[in-house]
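Following: one structure in structure tokens, then a few remarks.
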Amino acid sequence: MHAPLRSTPATRNTFRRQRLPRLITLASLLIGLSPFAACSASSSSPSGNGGSGGEAGSESGGTGNGGFGGSVLDASGSDAELPGCATDSYAGDVIPLDLYILLDRSDSMLDADTNGLQRWSAITQAVKNFVDLQGNAGMGLGLGYFPVALSKPLPSACSVSDDCFPYIAQCTLNSCCYGNLCNEKPTSSCLASDYTTPSITIQALPGVAALVKQSIDNTSPSGGTPMGPALEGAIDYAQTWAAAHPDHLTAVVLATDGAPSGCNPEGTDIVAARAEEGKNQNPSVLTFVIGLGEQLSTLNSIALAGGTKQATLVDSGVNAGQEFLDALNKIRGDLQCTYSIPTPKEGEVDTEKVNVTFTQAGIREFVPRVDGAANCGLGDTAGWYYDTPTNPSRITLCKHSCAAVQGGGVIVDVVLGCQTVVK
């Protein structure tokens with residue numbers, strides 16, 4: 001763990017003498033908007049400061065640690081300067097966001113709660129409400145469903161049951177025998193390739209909102225829960241989109257009310273493996289999970305494998321629609337805390353010399369890096385992490401740090417040249 005970089009009265013003049021002549025602070029991003037508002041950078045500032053205010057640390061009666069859990073930097077009057085090791089400081093540039101919603105339309109979505117409210121109606125209304133939110137303007141959104149109908153004939157001839165892959169069947173008299181007494185053939189596709197074509201391609205809101213609502217109105221629940229191939233196909237589509245839009249952040253939102261079933265192989269672990277592949281491939285695609293009902297805690301493993309730590313569980317009762325909308329808003333808000341790594345004017349980025357600083361009320365702090373989302377911790381733990389351990393292109397704030405930014409009045413900068421402060 002690197003020692004925190006902190007200025008003291010004795011070192012401030014040293015920092016000023018060591019400050020490099022080419023130090024330029026580009027447009028600092030003052031995020032004083034709601035979590036769902038569009039973000040933009042202010043005009044450039046050659047002064048190298050992210051804000052003004054009183055003295056930091058013990059001189060202001062504090063403990064030497066700021067409100068974000070980082071290390072306090074120099075903030076003397078209106079000239080809050082960076083240490084001499086810094087070569088460039090850039091505004092935190094929020095990456096444009098594209099969400100692809102993969103929505104479960106299995107038979108069980110027709111179930112109603114004790115109040116008579118149908119799951120499908122509640123959840124789809126929440127999606128309609130989400131696309132109509134003013135703060136989502138500019139965000140990309142696409143929509144797919146599972147299951148979809150078979151696009152190819154079912155396997156028929158076999159010598160062993162596995163010859164009927166990817167469907168669950170018995171091999172009887174050299175024929176694939178589906179269902180009870182061989183008379184219940186599946187109608188839902190288990191081929192990942194059938195889920196790579198979305199119902200609504202990713203397009204910018206609010207323009208795509210009408211298409212999303214029309215698609216939902218023309219769709220009704222039917223069939224089983226082939227979650228594994230559906231997620232694999234959705235991630236394949238999202239990765240193709242992400243490769244064509246490298247300056248965007250693309251994520252899949254899996255919304256389901258049940259466990260995977262009907263395909264070979266099946267099981268939550270199989271779906272989690274699909275999510276992990278999406279996270280680890282290049283471009284990386286995160287998988288968020290919204291589970292409908294009270295008994296779906298096993299879906300946490302899919303979210304964790306997909307790089308998003310845990311599923312959001314929505315009660316299937318009367319508040320299901322509002323809770324689902326809240327879950328979508330939370331995903332939107334969390335992903336707004338993802339920033340691009342700036343390209344320096346000379347040479348390549350040294351990923352061991354990248355820092356994130358927050359400035360509020362003239363106090364500037366380093367926010368420490370952690371090794372991935374799983375190490376963000378809980379509660380008031382501050383931090384940020386790279387999208388991938390090797391050749392990263394993005395920086396994402398941990399939950400606590402993200403909440404601090406979304407609260408408003410915080411300037412986010414990415415500073416190059418100083419040894420990375422790690423937790």
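Starting from 1 in every chain, residues are counted up; chains themselves are A, B, ... following the order of the structure tokens, and ligands are numbered from 1 as listed.
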**Item:** Test item, strand (DSSP E or B) assignment across segment 316-369 of chain A, answer as a list in words
**Value:**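 Assigned to strand (DSSP E or B), within segment 316-369 of chain A: Thr338, Tyr339, Ser340, Val354, Asn355, Val356, Thr357, Phe358, Thr359, Gln360, Ile363, Arg364, Glu365, Phe366, Val367 and Arg369 of chain A.
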**Prompt:** With distances taken over only C-alpha atoms, which of A:Gly377, A:Gly140, A:Gly407, A:Gly135 is nearest to Val208 of chain A?
**Reply:** A:Gly140
**Message:** Just want the 9 Å neighbourhood of Thr172 of chain A, counted on only C-alpha atoms, with same-chain residues fewer than 4 positions away dropped. Output as number ranges by chain.
**Reply:** A: 158-161, 176-177
Emit the selected residues as an mmCIF file, in the first residue's frame, including N, CA and C atoms.
```
data_model
loop_
_atom_site.group_PDB
_atom_site.id
_atom_site.type_symbol
_atom_site.label_atom_id
_atom_site.label_comp_id
_atom_site.auth_asym_id
_atom_site.auth_seq_id
_atom_site.Cartn_x
_atom_site.Cartn_y
_atom_site.Cartn_z
ATOM 1 N N CYS A 158 -30.594 -39.688 -32.714
ATOM 2 C CA CYS A 158 -29.620 -39.707 -31.622
ATOM 3 C C CYS A 158 -29.166 -41.128 -31.348
ATOM 4 N N SER A 159 -28.002 -41.199 -30.706
ATOM 5 C CA SER A 159 -27.540 -42.485 -30.166
ATOM 6 C C SER A 159 -27.406 -42.394 -28.655
ATOM 7 N N VAL A 160 -27.175 -41.154 -28.159
ATOM 8 C CA VAL A 160 -27.176 -40.876 -26.720
ATOM 9 C C VAL A 160 -27.932 -39.569 -26.502
ATOM 10 N N SER A 161 -28.315 -39.297 -25.260
ATOM 11 C CA SER A 161 -29.141 -38.116 -24.960
ATOM 12 C C SER A 161 -28.460 -36.816 -25.347
ATOM 13 N N CYS A 176 -34.763 -38.508 -30.401
ATOM 14 C CA CYS A 176 -34.853 -37.614 -29.248
ATOM 15 C C CYS A 176 -36.291 -37.596 -28.752
ATOM 16 N N CYS A 177 -36.459 -37.932 -27.492
ATOM 17 C CA CYS A 177 -37.793 -38.027 -26.903
ATOM 18 C C CYS A 177 -37.997 -36.856 -25.965
#
```
**Request:** List every residue of segment 176-228 of chain A that DSSP, applied to the backbone of this structure, places in helix (DSSP H, G or I), and write the result as a list in words.
**Result:**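 The helix (DSSP H, G or I) residues within segment 176-228 of chain A come out as Asn180, Leu181, Cys182, Ala192, Ser193, Asp194, Tyr195, Ala209, Ala210, Leu211, Val212, Lys213, Gln214, Ser215, Ile216, Asp217, Met227 and Gly228 of chain A.
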Write a file of the just-selected residues containing C-alpha atoms, as a short mmCIF file (atom, residue, chain, number, x, y, z; two decimals), in the first residue's frame.
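Result went into result.cif, see below:
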```
data_model
loop_
_atom_site.label_atom_id
_atom_site.label_comp_id
_atom_site.auth_asym_id
_atom_site.auth_seq_id
_atom_site.Cartn_x
_atom_site.Cartn_y
_atom_site.Cartn_z
CA ASN A 180 -43.62 -36.79 -20.88
CA LEU A 181 -44.36 -39.80 -23.10
CA CYS A 182 -42.49 -38.07 -25.94
CA ALA A 192 -27.86 -18.55 -28.23
CA SER A 193 -27.85 -17.41 -31.87
CA ASP A 194 -31.62 -16.91 -31.67
CA TYR A 195 -31.11 -14.25 -28.98
CA ALA A 209 -39.06 5.40 -26.29
CA ALA A 210 -42.05 5.03 -28.62
CA LEU A 211 -40.55 1.91 -30.23
CA VAL A 212 -39.93 0.33 -26.82
CA LYS A 213 -43.48 0.95 -25.67
CA GLN A 214 -44.95 -0.35 -28.91
CA SER A 215 -42.83 -3.50 -28.69
CA ILE A 216 -44.00 -4.16 -25.13
CA ASP A 217 -47.63 -3.68 -26.13
CA MET A 227 -31.91 -17.98 -19.42
CA GLY A 228 -28.46 -19.31 -20.32
#
```
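Restricting the calculation to only C-alpha atoms, the smallest distance between Ala255 of chain A and any of A:Ser106, A:Ser220, A:Ser401, A:Thr187 is found for A:Ser106.
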**Complete:** Atom pair atom CA of Gln419 of chain A + atom CA of Asn375 of chain A, distance 20.0 Å
Give me the residues of segment 244-275 of chain A that have any atom at most 12 Å from an atom of segment 88-97 of chain A; for each, the nearest atom pair and the distance in Å, rounded to one decimal. Use only C-alpha atoms, sort by chain and number, and format it as a Markdown table.
```
| residue | atom | partner | partner_atom | distance |
| --- | --- | --- | --- | --- |
| A:His245 | CA | A:Pro96 | CA | 9.8 |
| A:Pro246 | CA | A:Ile95 | CA | 9.9 |
| A:Asp247 | CA | A:Ile95 | CA | 6.8 |
| A:His248 | CA | A:Pro96 | CA | 4.8 |
| A:Leu249 | CA | A:Leu97 | CA | 4.9 |
| A:Thr250 | CA | A:Leu97 | CA | 6.1 |
| A:Ala251 | CA | A:Leu97 | CA | 8.1 |
| A:Val252 | CA | A:Leu97 | CA | 11.1 |
```
**Item:** Top pick for closest residue to Arg332 of chain A, considering A:Ala157, A:Cys402, A:Leu102, A:Leu296 and counting only C-alpha atoms
**Value:**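 Among the listed residues, A:Cys402 lies closest to Arg332 of chain A.
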**Item:** Selected residue, from A:Gly372, A:Pro186, A:Gly383, A:Gly84, that lies nearest to Lys309 of chain A when counting only C-alpha atoms
**Value:**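 Checking each of A:Gly372, A:Pro186, A:Gly383, A:Gly84 against Lys309 of chain A, counting only C-alpha atoms, the winner is A:Gly372.
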**Request:** Point out the residue among A:Ile363, A:Leu99, A:Leu313, A:Ile290 with the least atom-to-atom distance to Val410 of chain A, counting only C-alpha atoms.
**Result:**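 Closest to Val410 of chain A of all the choices is A:Ile363.
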**Request:** Enter the distance from atom CA of Asn174 of chain A to atom CA of Asp162 of chain A, in Å, rounded to one decimal.
**Result:** 11.8 Å
**Prompt:** So which one's closest to Ile200 of chain A, A:Ala242, A:Ile101, A:Thr124, A:Asn136? Using only C-alpha atoms, please.
**Reply:**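 Answer, going by the shortest atom-to-atom distance: A:Ile101.
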**Request:** Using atom CA of Thr256 of chain A and atom CA of Ala311 of chain A as the two end points, give the distance in Å to one decimal.
**Result:**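 Separation between atom CA of Thr256 of chain A and atom CA of Ala311 of chain A: 10.8 Å.
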**Shell of 7 Å around Ala149 of chain A, only C-alpha atoms, local chain residues under 2 positions omitted, as a PyMOL selection string** = chain A and resi 147+151+187-189
**Message:** If we count only C-alpha atoms and set the cut-off at 8 Å, which residues sit around segment 269-280 of chain A, ignoring sequence neighbours fewer than 5 positions away in its own chain? Please answer as an NGL selection string.
**Reply:** :A and (227-228 or 231-232 or 235-236 or 239 or 260 or 285-287 or 301-303 or 305-307 or 388)
